[in-house]
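Participant: Pasting a structure here, questions to come.
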Amino acid sequence: MTPILELKNISKAFGPVKVLTGVDFDLYAGEVHALMGENGAGKSTMIRIASGDHRADEGEIRLDGEPRRFAGPREAQAEGIAVVHQELLLFPALSVAENVFLGHQPKTAGGFVDWARMRREARELLDRLDCPNLDVDQRVSKLSVADRQRVEIARALSRNARVLIMDEPTAALAEADVRRLLEVIRRLRADGVGIVYVSHRMNEIFEIADRVTVLRDGRSIGTSKVADVTEGSLVSMMVGRDIHQLFPKVDIPRGETRLEVSGLSLAGVIEDISFDLHAGEILGIAGLVGSGRTELAQTIFGVTPATAGEIRVDGAPRRIASVRDAIAAGIAYVPEDRGLHGLVRPQPLRENVSMAILDRLTRYAVVDTGREQRLASEAIERFSIRARDARQRVGQLSGGNQQKVVLAKWLATDPKVLILDEPTRGIDIGAKTEIHRLMGELARKGLAILMISSELPEVLGMSDRILVMREGRLSAIVDRKDATPDSVGAAMMQTRREPAAAGGAR
Amino acid sequence: MTRILIRHEAILGILFAVALFVMAAQSDRFLTTANLLNQARLMTEVGLIAIPMTFVIVTGGIDLSVGSILGLCAILVGVFWQNAGLPLPAAIGLSLLAGTAAGFANGLIITRFRVPPLIATLATLALYRGLAEGISQARSVRGYPEWFAVLGRGEFLGIPTQLWLFALVALAGIFLLRFTAFGRTTYAIGNSEAAAEFSGLPVERTKLLIYTASGFVSALAAIVFVSRVSTTRSDMGNGIELEVITAVVLGGTSIFGGRGMVIGTLIGLCLMQILQNGLSLSGVRGDGTTVVIGAVLIVAVLISNILGRFSND
């Protein structure tokens, strides 16, 4: 049997950066082939090449054994390759049927849109996806994330997709919706569609996938039948080393309590969260997207002040109603979205580094630019930030260097508690290691660190304890010695286990 | 950031020099001390308001209500003085207070109720003008005492009195925007309000203060205006907001916020004024002048955008 889709020896570079080197991948009809790898391993680029978004520098793409070149995504779509993107690309103001058939609406003989046929066919497609209660005339803006995803899948099917590429489809889904999605995938597989399934979640991979391919640093590390691998072997394939070697975790004796959070709630978002955090400790926060991790951090930091509960810093109760209150209490927050919340990108490095302590740098309202300059030069040196000088705009720096600027900015406030929200997202492996080392260094100096991360290996590798959140609540606090992908993953999803067994018996 | 501004200012400077040269060649009455000082006198009201407007636009906002505040405050001086029988200094003080309150109201609507500045001040543009017309009942107030005219028509050390006031406000503007934490916050808000908020900068307070200052300075301009023409009418300052915004944008302040300097605004202002004056001296009619100013605005912004593309990241 020839595979429907085959990537052979694909290489791709963006400028001097090699993203993919000699990657092989194949997909058969009626199979779910999982694609795994850390952030930055090259998964997205590979998907983009397969779907005609990017062109490979070397190597070839074969469809049904025939070599093909795609000039653009339209050509790939015409050949039956469809992608369901992570950030769903729908038009919120249009109806479900319009979205499904956007760009290839059925026409009447006169050349007008054949609305009756379009609605009927949209209905049929949605029924095939087992969502009979989804109204084809509903505006997409009124739909839940899960329903939008179904619309996107229907859109792919409306083009007679034979290859369906799903990029982290469950990242934003609640438990029940994940189950329904997996059910839909099983049906499509039974219909002979080939599915490329990108996900970080081990449980899903083991439940749905037939084969799995692991990418690391732009190379294919291996392809195996799912039955032949274990969670542990997959993780070590992904990271290349044992987790505890990859993360330079230093053991630091736990100091006194720095932060105590009790009964913290933000109406409708997070509920009744209690934990404590000690000097020298790194407390990881794990949870699915939408489980309330960032919301918890921003509540502690005063962006969205708590509606109930208490926050104590060094034993003293603090009322935190604004960011300024949080800074005054000794709390610093390195946000998830660097470009939007962390930095003012068009402004120079030195103005960014001083931004959180501007009122401490002024004399009679005048900014002491001499001290500011010294602060910036010290930051450049201490964090080895690669910048021309302190006057360079931060928007021109690379992601890793931008993140160091944000860190420098918050460490300048001399905090007691440092909250890091996805501290290494979207930065290269070298800068990542530097930031991890820095975290250890800061903890040794007595800082209490709260780290949110979507990368399970990072959470497992860096944390002394792991706080697991689920649907706005605290689901578990796991000690480092008990923390495994299994135990933490189970707490993230909780109800995942029993239905998985039921699914297997089907 | 500074490099682009220097570029823009350099372009403006060249335009300014060219305009000066052309105007001087057209009419020998143009390049005289008397004419230039008189032009400076005429420019003061627009100039005063352009200083806080620079701050407003640097935050990414806009204040369309300044002309209406000017009209309202002018009327109030007359009403407080003539109809309410207050002493003139008290009438002036109350009028300044009213302008400040009007600006504060703008600021509150924008920061507390999150109404976009364009909409908020478009509404108060109508509201304040309506108040001015309602209060004045289409009557003008005249007969101000001789001493009051000193502000608008007098001189101090050979320089028109209101120019001293303007210089004071302009210097305060330069100082605040360039050297203080307040100015730094103003830029940060314009570049990324969310990041400013997440850095613990006082975003709301800064915006509130800026719109309040805009109201106060508009009232100040009203007093100068009344003193200069020694009469009050409710249509005073009608459309002045457009001249003010033109001067600020011509001066290199980005309408999207985050970029701009008071110095640029001052050059933009001078360029506009000499164009108006020079063209009318050489016999071009008023509508022709407006066309020229529009063209200059487009050319200046275009050139600096093109150059900015090369120097930018």
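Residue numbers start at 1 in each chain; chains themselves are named A, B, ... in the order of the structure tokens; ligands are numbered from 1 in the order shown.
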For chain A against chain B, which residues fall within 10 Å using only C-alpha atoms, given as a ChimeraX atom specification?
Facilitator: /A:298,301-303,322-328,332-335,337-348,351-352,354-369,391-393,395-396,409-410
Participant: Region 28-40 of chain A: which residues within 6 Å, counting only C-alpha atoms, same-chain residues fewer than 3 positions away excluded, as a ChimeraX atom specification?
Facilitator: /A:3-4,189,192-198,209-216,238
Participant: Could you tell me, as a list of chain:residue names, which residues of region 65-254 of chain B DSSP assigns to strand (DSSP E) when given the backbone?
Facilitator: B:Glu155, B:Phe156, B:Ile159, B:Pro160
Participant: Which residues are near region 64-77 of chain A? Cut-off 9 Å, only C-alpha atoms, ignore same chain within fewer than 5 positions. Put them as a list in words.
Facilitator: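 My reading of the contact set: Thr2, Pro3, Ile4, Leu5, Glu6, Arg48, Ile49, Ala50, Ser51, Gly52, Asp53, His54, Arg55, Ala82, Val83, Ala156, Arg159, Asn160 and Ala161 of chain A.
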Participant: Just all heavy atoms for this one: save the residues we selected as a compact mmCIF listing (two decimals), in the first residue's frame.
Facilitator:
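Generated output (result20.txt):
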# COMPACT_ATOMS: atom_id res chain seq x y z
N THR A 2 0.60 2.21 -0.89
CA THR A 2 1.39 3.44 -0.87
C THR A 2 0.73 4.43 0.08
O THR A 2 -0.50 4.50 0.18
CB THR A 2 1.46 4.09 -2.26
OG1 THR A 2 0.16 4.03 -2.85
CG2 THR A 2 2.48 3.44 -3.15
N PRO A 3 1.57 5.18 0.79
CA PRO A 3 1.00 6.20 1.67
C PRO A 3 0.30 7.29 0.86
O PRO A 3 0.72 7.58 -0.27
CB PRO A 3 2.22 6.77 2.40
CG PRO A 3 3.42 6.16 1.79
CD PRO A 3 3.02 5.14 0.79
N ILE A 4 -0.78 7.93 1.41
CA ILE A 4 -1.40 9.03 0.68
C ILE A 4 -0.51 10.26 0.71
O ILE A 4 -0.45 10.99 -0.25
CB ILE A 4 -2.82 9.40 1.21
CG1 ILE A 4 -2.89 9.37 2.73
CG2 ILE A 4 -3.87 8.53 0.56
CD1 ILE A 4 -4.22 9.86 3.26
N LEU A 5 0.18 10.45 1.82
CA LEU A 5 1.05 11.62 1.92
C LEU A 5 2.43 11.17 2.39
O LEU A 5 2.55 10.36 3.30
CB LEU A 5 0.48 12.64 2.91
CG LEU A 5 1.37 13.84 3.25
CD1 LEU A 5 1.46 14.79 2.07
CD2 LEU A 5 0.83 14.59 4.47
N GLU A 6 3.44 11.68 1.73
CA GLU A 6 4.80 11.28 2.08
C GLU A 6 5.70 12.51 2.00
O GLU A 6 5.70 13.22 0.99
CB GLU A 6 5.26 10.23 1.07
CG GLU A 6 6.17 9.19 1.65
CD GLU A 6 6.49 8.13 0.60
OE1 GLU A 6 5.77 8.05 -0.42
OE2 GLU A 6 7.46 7.42 0.78
N ARG A 48 3.27 23.34 7.86
CA ARG A 48 3.13 24.39 6.85
C ARG A 48 3.66 23.93 5.49
O ARG A 48 3.11 24.32 4.46
CB ARG A 48 3.89 25.62 7.29
CG ARG A 48 3.24 26.29 8.48
CD ARG A 48 3.40 27.77 8.36
NE ARG A 48 2.37 28.43 9.13
CZ ARG A 48 2.62 29.26 10.13
NH1 ARG A 48 3.88 29.52 10.44
NH2 ARG A 48 1.65 29.83 10.78
N ILE A 49 4.69 23.13 5.50
CA ILE A 49 5.22 22.64 4.23
C ILE A 49 4.24 21.63 3.62
O ILE A 49 3.92 21.69 2.44
CB ILE A 49 6.62 22.03 4.43
CG1 ILE A 49 7.61 23.18 4.69
CG2 ILE A 49 7.05 21.22 3.21
CD1 ILE A 49 8.99 22.73 5.09
N ALA A 50 3.71 20.76 4.47
CA ALA A 50 2.78 19.75 3.96
C ALA A 50 1.51 20.39 3.40
O ALA A 50 0.90 19.88 2.48
CB ALA A 50 2.43 18.77 5.07
N SER A 51 1.12 21.55 3.96
CA SER A 51 -0.13 22.16 3.53
C SER A 51 0.09 23.29 2.53
O SER A 51 -0.82 24.05 2.23
CB SER A 51 -0.90 22.69 4.74
OG SER A 51 -0.12 23.65 5.42
N GLY A 52 1.32 23.41 2.00
CA GLY A 52 1.58 24.35 0.92
C GLY A 52 1.81 25.79 1.36
O GLY A 52 1.92 26.68 0.53
N ASP A 53 1.86 26.03 2.69
CA ASP A 53 2.07 27.38 3.20
C ASP A 53 3.51 27.84 2.98
O ASP A 53 3.78 28.98 2.68
CB ASP A 53 1.78 27.38 4.70
CG ASP A 53 0.67 28.32 5.03
OD1 ASP A 53 0.08 28.88 4.09
OD2 ASP A 53 0.38 28.49 6.23
N HIS A 54 4.43 26.89 3.20
CA HIS A 54 5.85 27.15 2.98
C HIS A 54 6.34 26.18 1.92
O HIS A 54 5.77 25.11 1.75
CB HIS A 54 6.67 26.88 4.25
CG HIS A 54 6.51 27.92 5.29
ND1 HIS A 54 6.24 29.24 5.01
CD2 HIS A 54 6.57 27.83 6.65
CE1 HIS A 54 6.16 29.91 6.12
NE2 HIS A 54 6.33 29.10 7.15
N ARG A 55 7.42 26.55 1.28
CA ARG A 55 8.02 25.64 0.33
C ARG A 55 9.31 25.10 0.93
O ARG A 55 10.09 25.85 1.53
CB ARG A 55 8.32 26.40 -0.95
CG ARG A 55 8.50 25.40 -1.99
CD ARG A 55 8.10 25.42 -3.34
NE ARG A 55 7.31 26.40 -3.97
CZ ARG A 55 7.64 26.82 -5.18
NH1 ARG A 55 8.76 26.43 -5.74
NH2 ARG A 55 6.85 27.63 -5.80
N ALA A 82 -6.06 19.33 4.26
CA ALA A 82 -6.68 20.42 5.03
C ALA A 82 -6.06 20.48 6.41
O ALA A 82 -5.65 19.46 6.96
CB ALA A 82 -8.18 20.19 5.13
N VAL A 83 -5.99 21.71 6.95
CA VAL A 83 -5.41 21.91 8.26
C VAL A 83 -6.46 22.51 9.20
O VAL A 83 -7.16 23.44 8.82
CB VAL A 83 -4.21 22.88 8.20
CG1 VAL A 83 -3.55 23.01 9.57
CG2 VAL A 83 -3.19 22.42 7.17
N ALA A 156 -13.00 21.62 6.41
CA ALA A 156 -11.98 20.78 5.78
C ALA A 156 -12.65 19.65 4.98
O ALA A 156 -12.28 19.37 3.85
CB ALA A 156 -11.05 20.20 6.84
N ARG A 159 -14.19 20.21 1.51
CA ARG A 159 -13.28 20.19 0.37
C ARG A 159 -12.80 18.78 0.07
O ARG A 159 -11.76 18.59 -0.54
CB ARG A 159 -12.06 21.06 0.66
CG ARG A 159 -12.39 22.52 0.84
CD ARG A 159 -11.15 23.24 1.32
NE ARG A 159 -11.47 24.56 1.82
CZ ARG A 159 -11.45 25.65 1.09
NH1 ARG A 159 -11.12 25.59 -0.17
NH2 ARG A 159 -11.75 26.81 1.61
N ASN A 160 -13.52 17.80 0.58
CA ASN A 160 -13.18 16.40 0.39
C ASN A 160 -11.75 16.10 0.86
O ASN A 160 -10.97 15.50 0.12
CB ASN A 160 -13.31 15.99 -1.08
CG ASN A 160 -14.75 16.14 -1.54
OD1 ASN A 160 -15.66 15.73 -0.82
ND2 ASN A 160 -14.94 16.76 -2.68
N ALA A 161 -11.43 16.54 2.06
CA ALA A 161 -10.08 16.33 2.56
C ALA A 161 -9.79 14.85 2.73
O ALA A 161 -10.61 14.10 3.25
CB ALA A 161 -9.91 17.05 3.90
Participant: Residues of region 201-222 of chain B within 9 Å of region 27-48 of chain B: nearest atom pair and distance (Å, one decimal) for each, counting only C-alpha atoms, sorted by chain and number, as a Markdown table?
Facilitator:
| residue | atom | partner | partner_atom | distance |
| --- | --- | --- | --- | --- |
| B:Val217 | CA | B:Leu48 | CA | 6.5 |
| B:Ser218 | CA | B:Leu48 | CA | 7.5 |
| B:Leu220 | CA | B:Leu48 | CA | 8.0 |
| B:Ala221 | CA | B:Glu45 | CA | 4.9 |
| B:Ala222 | CA | B:Glu45 | CA | 7.5 |
Participant: Just the selected residues (all heavy atoms), exported as a short mmCIF file (atom, residue, chain, number, x, y, z; two decimals), in the first residue's frame, please.
Facilitator:
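Printed below is out_6.cif as written:
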data_model
loop_
_atom_site.label_atom_id
_atom_site.label_comp_id
_atom_site.auth_asym_id
_atom_site.auth_seq_id
_atom_site.Cartn_x
_atom_site.Cartn_y
_atom_site.Cartn_z
N VAL B 217 -5.74 74.70 29.66
CA VAL B 217 -5.01 75.54 28.72
C VAL B 217 -5.97 76.12 27.67
O VAL B 217 -5.79 77.26 27.22
CB VAL B 217 -3.85 74.76 28.06
CG1 VAL B 217 -3.16 75.59 27.00
CG2 VAL B 217 -2.84 74.35 29.13
N SER B 218 -7.01 75.38 27.31
CA SER B 218 -8.01 75.93 26.40
C SER B 218 -8.68 77.15 27.02
O SER B 218 -8.98 78.14 26.32
CB SER B 218 -9.07 74.89 26.05
OG SER B 218 -8.47 73.77 25.44
N LEU B 220 -7.27 79.09 29.22
CA LEU B 220 -6.23 80.13 29.20
C LEU B 220 -6.22 80.81 27.82
O LEU B 220 -6.17 82.05 27.72
CB LEU B 220 -4.88 79.44 29.45
CG LEU B 220 -3.78 80.24 30.14
CD1 LEU B 220 -4.26 80.75 31.49
CD2 LEU B 220 -2.55 79.35 30.32
N ALA B 221 -6.32 79.99 26.78
CA ALA B 221 -6.35 80.53 25.42
C ALA B 221 -7.58 81.42 25.23
O ALA B 221 -7.53 82.44 24.53
CB ALA B 221 -6.34 79.40 24.40
N ALA B 222 -8.69 81.02 25.86
CA ALA B 222 -9.91 81.82 25.76
C ALA B 222 -9.68 83.22 26.34
O ALA B 222 -10.10 84.23 25.76
CB ALA B 222 -11.05 81.12 26.49
#
Participant: Suppose you want the space between CA of Met492 (chain A) and CA of Glu471 (chain A); what is it in Å?
Facilitator: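 Taking CA of Met492 (chain A) and CA of Glu471 (chain A), their separation equals 9.2 Å.
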Participant: What's around Lys481 (chain A) at 12 Å? Count only C-alpha atoms, leave out sequence neighbours fewer than 5 positions away in its own chain, and write the answer as a PyMOL selection string.
Facilitator: chain A and resi 244+460-461+463-466+487-488
Participant: Gly130 (chain B): which residues within 9 Å, counting only C-alpha atoms, same-chain residues fewer than 4 positions away excluded, as number ranges by chain?
Facilitator: B: 68, 72, 125-126, 134-135
Participant: Assign secondary structure with DSSP using the backbone only, and return the residues of region 21-94 of chain B in helix (DSSP H, G or I) as a ChimeraX atom specification.
Facilitator: /B:21-26,33-58,66-83,88-94
Participant: Skip Trp147 (chain B) itself and residues of its chain fewer than 2 positions away, then list as a PyMOL selection string all residues within 12 Å of it, counting only C-alpha atoms.
Facilitator: chain B and resi 88-89+143-145+149-154+227-228+230
Participant: Counting only C-alpha atoms, what is within 10 Å of Phe91 (chain A), bar same-chain residues fewer than 2 positions away, as a tab-separated table (two decimals) with all heavy atoms, in the first residue's frame?
Facilitator:
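After the write, around.tsv holds the following:
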chain	number	residue	atom	x	y	z
A	88	LEU	N	-8.30	29.00	15.61
A	88	LEU	CA	-9.26	28.67	14.57
A	88	LEU	C	-9.44	29.87	13.66
A	88	LEU	O	-9.67	30.98	14.11
A	88	LEU	CB	-10.57	28.26	15.22
A	88	LEU	CG	-10.40	27.09	16.20
A	88	LEU	CD1	-11.66	26.88	16.99
A	88	LEU	CD2	-10.02	25.83	15.48
A	89	LEU	N	-9.34	29.61	12.35
A	89	LEU	CA	-9.39	30.71	11.39
A	89	LEU	C	-10.78	30.82	10.78
A	89	LEU	O	-10.98	30.53	9.62
A	89	LEU	CB	-8.34	30.49	10.30
A	89	LEU	CG	-6.92	30.30	10.82
A	89	LEU	CD1	-5.99	29.91	9.70
A	89	LEU	CD2	-6.43	31.58	11.48
A	93	ALA	N	-18.41	36.80	12.11
A	93	ALA	CA	-19.66	37.48	11.79
A	93	ALA	C	-20.50	36.69	10.79
A	93	ALA	O	-21.65	37.03	10.54
A	93	ALA	CB	-19.37	38.88	11.24
A	94	LEU	N	-19.93	35.62	10.22
A	94	LEU	CA	-20.68	34.84	9.23
A	94	LEU	C	-21.32	33.62	9.89
A	94	LEU	O	-20.93	33.21	10.98
A	94	LEU	CB	-19.74	34.39	8.10
A	94	LEU	CG	-19.06	35.49	7.31
A	94	LEU	CD1	-18.22	34.90	6.20
A	94	LEU	CD2	-20.07	36.47	6.75
A	95	SER	N	-22.29	33.04	9.20
A	95	SER	CA	-22.99	31.89	9.75
A	95	SER	C	-22.12	30.64	9.61
A	95	SER	O	-21.10	30.65	8.92
A	95	SER	CB	-24.31	31.68	9.01
A	95	SER	OG	-24.05	31.13	7.74
A	96	VAL	N	-22.58	29.57	10.27
A	96	VAL	CA	-21.87	28.30	10.22
A	96	VAL	C	-21.74	27.83	8.78
A	96	VAL	O	-20.66	27.50	8.30
A	96	VAL	CB	-22.60	27.26	11.09
A	96	VAL	CG1	-22.06	25.86	10.83
A	96	VAL	CG2	-22.48	27.62	12.56
A	98	GLU	N	-21.97	29.50	5.98
A	98	GLU	CA	-21.10	30.38	5.18
A	98	GLU	C	-19.63	30.10	5.45
A	98	GLU	O	-18.80	30.11	4.55
A	98	GLU	CB	-21.41	31.84	5.51
A	98	GLU	CG	-22.69	32.35	4.89
A	98	GLU	CD	-23.03	33.74	5.37
A	98	GLU	OE1	-23.28	33.90	6.59
A	98	GLU	OE2	-23.05	34.66	4.55
A	99	ASN	N	-19.30	29.83	6.72
A	99	ASN	CA	-17.92	29.53	7.06
A	99	ASN	C	-17.47	28.21	6.44
A	99	ASN	O	-16.37	28.09	5.95
A	99	ASN	CB	-17.74	29.49	8.57
A	99	ASN	CG	-17.27	30.83	9.12
A	99	ASN	OD1	-16.14	31.22	8.91
A	99	ASN	ND2	-18.17	31.54	9.78
A	102	LEU	N	-16.97	28.82	2.71
A	102	LEU	CA	-16.33	30.05	2.28
A	102	LEU	C	-15.28	29.78	1.22
A	102	LEU	O	-14.40	28.95	1.40
A	102	LEU	CB	-15.68	30.74	3.48
A	102	LEU	CG	-15.38	32.21	3.19
A	102	LEU	CD1	-16.65	33.04	3.34
A	102	LEU	CD2	-14.32	32.73	4.12
A	139	ARG	N	-24.55	32.36	13.94
A	139	ARG	CA	-23.29	33.07	13.71
A	139	ARG	C	-22.18	32.37	14.47
A	139	ARG	O	-22.36	31.98	15.62
A	139	ARG	CB	-23.38	34.48	14.29
A	139	ARG	CG	-23.94	35.48	13.35
A	139	ARG	CD	-23.95	36.77	14.11
A	139	ARG	NE	-24.34	37.87	13.29
A	139	ARG	CZ	-23.82	39.09	13.42
A	139	ARG	NH1	-22.89	39.31	14.33
A	139	ARG	NH2	-24.23	40.06	12.67
A	140	VAL	N	-21.01	32.30	13.86
A	140	VAL	CA	-19.89	31.60	14.49
A	140	VAL	C	-19.46	32.28	15.79
A	140	VAL	O	-19.04	31.63	16.74
A	140	VAL	CB	-18.72	31.47	13.48
A	140	VAL	CG1	-17.44	31.15	14.19
A	140	VAL	CG2	-19.04	30.39	12.46
A	141	SER	N	-19.63	33.61	15.85
A	141	SER	CA	-19.21	34.33	17.07
A	141	SER	C	-19.98	33.85	18.30
A	141	SER	O	-19.53	34.02	19.42
A	141	SER	CB	-19.42	35.83	16.89
A	141	SER	OG	-20.77	36.10	16.63
Participant: From the options A:Arg350, A:His278, A:Arg293, A:Arg388, which residue's atoms come nearest to Val417 (chain A), counting only C-alpha atoms?
Facilitator: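 With only C-alpha atoms as the atom set, the closest residue is A:His278.
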Participant: Find the distance between CA of Ser158 (chain A) and CA of Phe101 (chain A) and write it in Å to one decimal.
Facilitator: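 Taking CA of Ser158 (chain A) as the start and CA of Phe101 (chain A) as the end point, the length is 7.0 Å.
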Participant: Smallest atom-to-atom distance to Ala412 (chain A): which of A:Asp486, A:Asp127, A:Glu372, A:Asp251, using only C-alpha atoms?
Facilitator: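 Smallest distance to Ala412 (chain A) is found for A:Glu372.
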Participant: With only C-alpha atoms as the basis for distance, which of B:Ile14, B:Ala105, B:Gly67, B:Thr206 is at the shortest distance from Gly237 (chain B)?
Facilitator: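 Closest candidate: B:Gly67.
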Participant: Which is closer to Gly103 (chain B) than all the others in B:Tyr211, B:Phe156, B:Phe148, B:Trp81, using only C-alpha atoms?
Facilitator: B:Tyr211
